[in-house]
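Take a look at the structure set out below.
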Amino acid sequence: MSQRVERSRLPEEFPDPEVADNVVYNPTNEQLREYASHDERTTEYGSPRYVSEQKSRSADQTTNLIDDEFDDADWEAISDGLAAAAERELVCLDRQVGRHEETSFTCRLFVPTEYSRIALAWGNLLEPATGEPDFQTLQLPEWDEQVDNERRIRVLPDEGLTFVLGSDYTGEAKKSFLRLFMRRVKEQGGLGIHAGSKRVTIESDGEVRTVGQAFLGLSATGKSTLTGHGCWLDEPEGTEMLQDDVCALLPDGQVTGSEGNGLYIKTDGLDEDEQPALYEAATDDEAVFENVWVDEDGTVDFDNTELTANGRAVIRREDLSSASEDIDMAEGVDQVFFITRNPAMPPVARLNDKQAAVAFMLGESIQTSAGDPDAAGESIRVVGTNPFIVGPPGEEGDRFRELIADNNVECFIINTGHVGPSKADIGVRESVKILVGAARGDITWRADDTFGFEVPDSVPGIDVEPFYPPAHYDDFEAELERLRTERREYLEQFENLPQEIADAVY
């Protein structure tokens with residue numbers, strides 16, 4: 001339950017952008033780019049590049065009123081932030097998250113005019129909206145530069161309000177709304193998932209069918225790559241990217257999208273050969289770069305991480321050849337993949353319903369530059385690979401199990417990193433062959449007594465034997481038992497998680 005709050009502690013109303021003298025309401029992209037021209041470096045493609053002071057999300061400074069208590073300093077910061085905003089010239093954008101009737105909400109973002117680059121990038125992710133806002137965010141990037149002010153991201157889920165005080169990172173604006181989108185979906189009986197989604201069209205015995213796939217993974221672990229990849233299929237076969245980042249899994253199995261206009265992709269190491277569709281869209285003149293290395297003459301270098309290892313680009317769906325006009329999987333999802341970078345895991349494994357709920361709760365991967373650059377490369381567990389859950393995480397694991405069981409969804413773990421300490425690398429080509437093999441139903445499986453789940457006996461186009469984890473460890477059984485002990489201890493902290501799920505640890 002949410003923290004009980006006296007009405008006097010709730011913030012004053014946000015400005016009314018249609019009447020406030022200090023607010024530029026729904027400016028065009030051209031206006032926003034003009035307002036942000038002092039921060040822009042134009043790339044060789046004609047697109048703008050901006051550099052933010054914060055290069056990733058401020059997770060440690062983020063709390064919400066459902067799971068956390070706000071102290072007097074928090075309430076004072078919220079009040080002072082609104083007072084400061086009343087004295088500033090602001091830009092305000094209204095955008096729509098989601099298209100589905102049950103999962104569509106109006107979002108309103110306020111940022112100071114001199115930080116219009118944030119509004120430009122965020123606004124290109126979503127479609128224009130009308131009507132009163134369901135969610136509102138005030139972002140004051142320079143807040144913590146003032147004496148006695150500390151960076152704070154404070155979320156009031158029941159009121160649909162977020163205060164981003166002290167960060168100029170576009171990802172904070174983006175996630176402020178998607179966090180609340182997922183919260184509302186859960187209240188409706190579904191589940192918000194940090195996932196991409198795609199359709200794979202397969203021809204078999206003269207018949208063409210589509211397979212809906214969804215990919216749960218932390219930022220920068222390959223979610224965008226797998227979701228947006230064309231899989232090198234020829235007509236009548238092919239793929240369509242529906243959604244890149246956050247979706248809603250509904251009780252009837254539908255997976256509805258959130259961002260209808262664009263994608264916020266990671267650009268580091270972006271490769272034209274391995275990721276042709278993403279590369280083409282990122283090099284269009286309508287892309288917006290954030291923290292990407294650009295030389296003084298405009299030359300873009302996706303391999304240069306001197307600014308950060310978390311370079312980003314907002315690209316338009318219409319410039320992405322693999323993108324569908326749809327963002328919703330109305331026909332329902334058939335397969336869910338949990339993306340991991342755990343070197344003790346095989347390239348792919350097939351799970352039963354309870355094991356899939358365990359995989360959801362464990363959310364095993366490695367820390368990336370999008371979450372905590374200082375800890376990049378370290379092992380990490382995040383429930384649902386979703387750092388934006390509001391409410392008890394254990395409830396989410398149980399809800400996920402129910403939804404996949406009710407809708408007969410196949411679930412897999414897919415490793416996009418490497419196997420073992422010897423680092424047998426699993427490349428994009430191997431991952432794509434796994435996706436196509438799963439969609440075709442051409443992977444042959446065997447029950448593995450060591451792991452307790454199914455591993456591939458064969459995958460068309462891949463020699464799976466060199467990727468079998470036990471062959472890469474001196475004592476794999478000891479390594480796996482260590483992992484299982486850690487996993488059991490990790491799951492014990494979730495009071496709302498049914499015991500039958502906790503007992504299914506693999």
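By order of appearance in the structure tokens: chains A, B, ..., then residues from 1 within every chain, and ligands from 1 in the order shown.
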
Excluding Ser167 (chain A) and any residue of its chain fewer than 2 positions from it, enumerate the residues within 9 Å of it, using only C-alpha atoms, and give them as a list in words.
->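 Near neighbours after the sequence-gap exclusion: Ser52, Glu53, Gln54, Arg57, Ser58, Gln139, Leu140, Pro141, Glu142, Trp143, Asp144, Arg151, Arg152, Ile153, Val164, Leu165, Tyr169, Thr170 and Glu172 of chain A.
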
Expected file: the selected residues, C-alpha atoms, as a compact mmCIF listing (two decimals), in the first residue's frame:
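part18.txt was written with the following content:
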# COMPACT_ATOMS: atom_id res chain seq x y z
CA SER A 52 24.74 15.59 -20.72
CA GLU A 53 26.48 15.94 -17.37
CA GLN A 54 24.89 12.77 -16.01
CA ARG A 57 20.22 6.95 -14.55
CA SER A 58 20.58 8.02 -10.91
CA GLN A 139 12.87 17.92 -14.64
CA LEU A 140 15.21 20.59 -13.27
CA PRO A 141 18.71 19.47 -14.29
CA GLU A 142 20.79 22.04 -12.41
CA TRP A 143 18.94 21.58 -9.11
CA ASP A 144 21.87 20.02 -7.25
CA ARG A 151 20.05 15.19 -6.48
CA ARG A 152 16.68 13.54 -5.98
CA ILE A 153 14.27 11.68 -8.25
CA VAL A 164 13.68 14.80 -11.48
CA LEU A 165 15.78 17.22 -9.48
CA TYR A 169 20.00 12.68 -18.61
CA THR A 170 17.19 12.04 -21.11
CA GLU A 172 15.30 9.98 -16.53

Pick out the residues sitting within 9 Å of Gln275 (chain A), and hand them over as a list in words; count only C-alpha atoms, and ignore anything fewer than 3 positions along from it in its own chain.
->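 Once the adjacent positions are removed, what remains is Thr225, Gly228, His229, Gly230, Leu270, Asp271, Glu272, Leu278, Tyr279, Glu280 and Val428 of chain A.
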
Using the chain letters and numbers from this document, which residues of region 275-496 of chain A does DSSP assign to strand (DSSP E or B), as a PyMOL selection string?
-> chain A and resi 288-290+293-294+300-301+312-316+323+329+335-340+348-351+364-366+379-381+410-415+418-419+424-425+444-447+454-459+462

Using only C-alpha atoms, which residues sit within 10 Å of Ser458 (chain A) once same-chain residues fewer than 2 positions away are excluded, as a short mmCIF file (atom, residue, chain, number, x, y, z; two decimals) with N, CA and C atoms, in the first residue's frame?
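Saved as part17.cif:
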data_model
loop_
_atom_site.label_atom_id
_atom_site.label_comp_id
_atom_site.auth_asym_id
_atom_site.auth_seq_id
_atom_site.Cartn_x
_atom_site.Cartn_y
_atom_site.Cartn_z
N GLY A 437 15.57 -20.51 -35.03
CA GLY A 437 15.33 -21.92 -34.73
C GLY A 437 14.17 -22.12 -33.78
N ASP A 442 12.67 -25.74 -34.81
CA ASP A 442 13.70 -26.63 -35.34
C ASP A 442 14.79 -26.98 -34.34
N ILE A 443 14.76 -26.39 -33.15
CA ILE A 443 15.75 -26.74 -32.13
C ILE A 443 15.33 -28.07 -31.50
N THR A 444 16.25 -29.01 -31.41
CA THR A 444 15.96 -30.25 -30.69
C THR A 444 16.49 -30.10 -29.26
N TRP A 445 15.71 -30.56 -28.30
CA TRP A 445 16.00 -30.34 -26.90
C TRP A 445 16.23 -31.66 -26.17
N ARG A 446 17.00 -31.59 -25.12
CA ARG A 446 17.18 -32.73 -24.23
C ARG A 446 17.15 -32.25 -22.78
N VAL A 455 18.26 -28.22 -22.47
CA VAL A 455 19.30 -27.54 -23.24
C VAL A 455 19.23 -28.05 -24.67
N PRO A 456 19.79 -27.31 -25.62
CA PRO A 456 19.68 -27.73 -27.01
C PRO A 456 20.60 -28.91 -27.35
N PRO A 460 19.97 -25.43 -35.74
CA PRO A 460 20.40 -25.29 -37.12
C PRO A 460 21.38 -24.13 -37.31
N GLY A 461 22.56 -24.44 -37.90
CA GLY A 461 23.54 -23.41 -38.19
C GLY A 461 24.55 -23.16 -37.08
N ILE A 462 24.41 -23.87 -35.93
CA ILE A 462 25.33 -23.67 -34.80
C ILE A 462 25.84 -25.03 -34.32
N ASP A 463 27.13 -25.09 -34.07
CA ASP A 463 27.69 -26.24 -33.36
C ASP A 463 27.57 -25.92 -31.88
N VAL A 464 26.60 -26.54 -31.20
CA VAL A 464 26.30 -26.17 -29.81
C VAL A 464 27.29 -26.77 -28.82
N GLU A 465 28.00 -27.83 -29.21
CA GLU A 465 28.87 -28.53 -28.25
C GLU A 465 29.92 -27.62 -27.60
#

Which residues in region 308-390 of chain A does DSSP call helix (DSSP H, G or I)? List them as number ranges by chain.
-> A: 317-319, 353-362, 373-375, 383-385

Can you spit out the residues from that selection as a PDB file, in the first residue's frame, using C-alpha atoms?
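Contents of the output file result.pdb:
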ATOM      1  CA  ARG A 317      10.500   4.019 -36.154  1.00  0.00           C
ATOM      2  CA  GLU A 318       9.847   5.195 -39.697  1.00  0.00           C
ATOM      3  CA  ASP A 319      13.602   5.138 -40.359  1.00  0.00           C
ATOM      4  CA  ASP A 353       6.397 -22.258 -16.097  1.00  0.00           C
ATOM      5  CA  LYS A 354       7.851 -22.302 -12.590  1.00  0.00           C
ATOM      6  CA  GLN A 355      11.439 -22.130 -13.849  1.00  0.00           C
ATOM      7  CA  ALA A 356      10.415 -19.193 -16.030  1.00  0.00           C
ATOM      8  CA  ALA A 357       9.062 -17.431 -12.932  1.00  0.00           C
ATOM      9  CA  VAL A 358      12.405 -18.125 -11.237  1.00  0.00           C
ATOM     10  CA  ALA A 359      14.239 -16.631 -14.226  1.00  0.00           C
ATOM     11  CA  PHE A 360      11.942 -13.607 -13.994  1.00  0.00           C
ATOM     12  CA  MET A 361      12.669 -13.135 -10.298  1.00  0.00           C
ATOM     13  CA  LEU A 362      16.424 -13.694 -10.628  1.00  0.00           C
ATOM     14  CA  PRO A 373      29.081   2.733 -15.150  1.00  0.00           C
ATOM     15  CA  ASP A 374      31.368   2.257 -12.145  1.00  0.00           C
ATOM     16  CA  ALA A 375      30.175  -1.340 -11.717  1.00  0.00           C
ATOM     17  CA  VAL A 383      13.727  -8.764 -10.711  1.00  0.00           C
ATOM     18  CA  GLY A 384      12.200  -8.929 -14.177  1.00  0.00           C
ATOM     19  CA  THR A 385      15.396  -7.266 -15.459  1.00  0.00           C
TER      20      THR A 385
END

Nearest residue to Ile78 (chain A) from the set A:Leu93, A:Gly269, A:Glu13, A:Pro48 (distances using only C-alpha atoms) |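 Using only C-alpha atoms, the shortest distance to Ile78 (chain A) belongs to A:Glu13.
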
Using only C-alpha atoms, the best pick from A:Arg41, A:Lys174, A:Lys186, A:Arg429 as closest to Arg95 (chain A) would be A:Lys174

Which residues, written as a PyMOL selection string, have at least one atom at most 12 Å from Ile389 (chain A), with only C-alpha atoms counted and residues fewer than 5 positions away on the same chain left out?
-> chain A and resi 62-64+66-67+155+157+175-176+178-186+191-194+246+361+382-384+394-397

Closest to Glu286 (chain A) among A:Pro112, A:Asp39, A:Arg33, A:Gly46, using only C-alpha atoms?
->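 Of A:Pro112, A:Asp39, A:Arg33, A:Gly46, the one nearest Glu286 (chain A) is A:Gly46, counting only C-alpha atoms.
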
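Close contacts of Gly160 (chain A), defined as residues with an atom at most 9 Å away when counting only C-alpha atoms, with chain neighbours fewer than 3 positions off set aside, comprise Pro133, Asp134, Phe135, Gln136, Thr137, Val155, Leu156, Pro157, Phe177 and Leu180 of chain A.
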
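In terms of minimum interatomic distance to Gly217 (chain A), A:Phe338 ranks closest within A:Tyr115, A:Trp75, A:Tyr506, A:Phe338, counting only C-alpha atoms.
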
CA of Asp284 (chain A) to CA of Asp234 (chain A), straight-line distance in Å |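 Going from CA of Asp234 (chain A) over to CA of Asp284 (chain A), I get 24.6 Å.
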
Excluding Ser422 (chain A) and residues on its chain fewer than 6 positions from it, collect all residues at most 10 Å away from it, counting only C-alpha atoms, and give them as a ChimeraX atom specification.
-> /A:343,472-473

Selected residues written out, N, CA and C atoms, as a compact mmCIF listing (two decimals), in the first residue's frame:
# COMPACT_ATOMS: atom_id res chain seq x y z
N PRO A 343 27.89 -16.28 -17.44
CA PRO A 343 28.74 -17.21 -18.19
C PRO A 343 28.53 -18.67 -17.85
N HIS A 472 33.66 -25.95 -19.71
CA HIS A 472 34.53 -24.77 -19.56
C HIS A 472 34.98 -24.54 -18.12
N TYR A 473 34.58 -25.43 -17.19
CA TYR A 473 34.93 -25.25 -15.78
C TYR A 473 35.66 -26.50 -15.28

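If you look at CA of Val255 (chain A) and CA of Met329 (chain A), they are 5.0 Å away from each other.
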
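Counting from CA of Phe453 (chain A), the distance to CA of Phe337 (chain A) is 14.6 Å.
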
Could you pull the residues within 10 Å of Leu480 (chain A), counting only C-alpha atoms, minus those fewer than 6 positions along the same chain, as a count of residues only?
-> 7

Hey, which of A:Ile339, A:Val292, A:Ala281, A:Cys231 ends up closest to Thr308 (chain A)? Count only C-alpha atoms.
-> A:Val292

From the set A:Glu150, A:Glu40, A:Glu410, A:Asp205, which residue has the shortest atom-to-atom contact distance to Gly298 (chain A), counting only C-alpha atoms?
-> A:Glu40
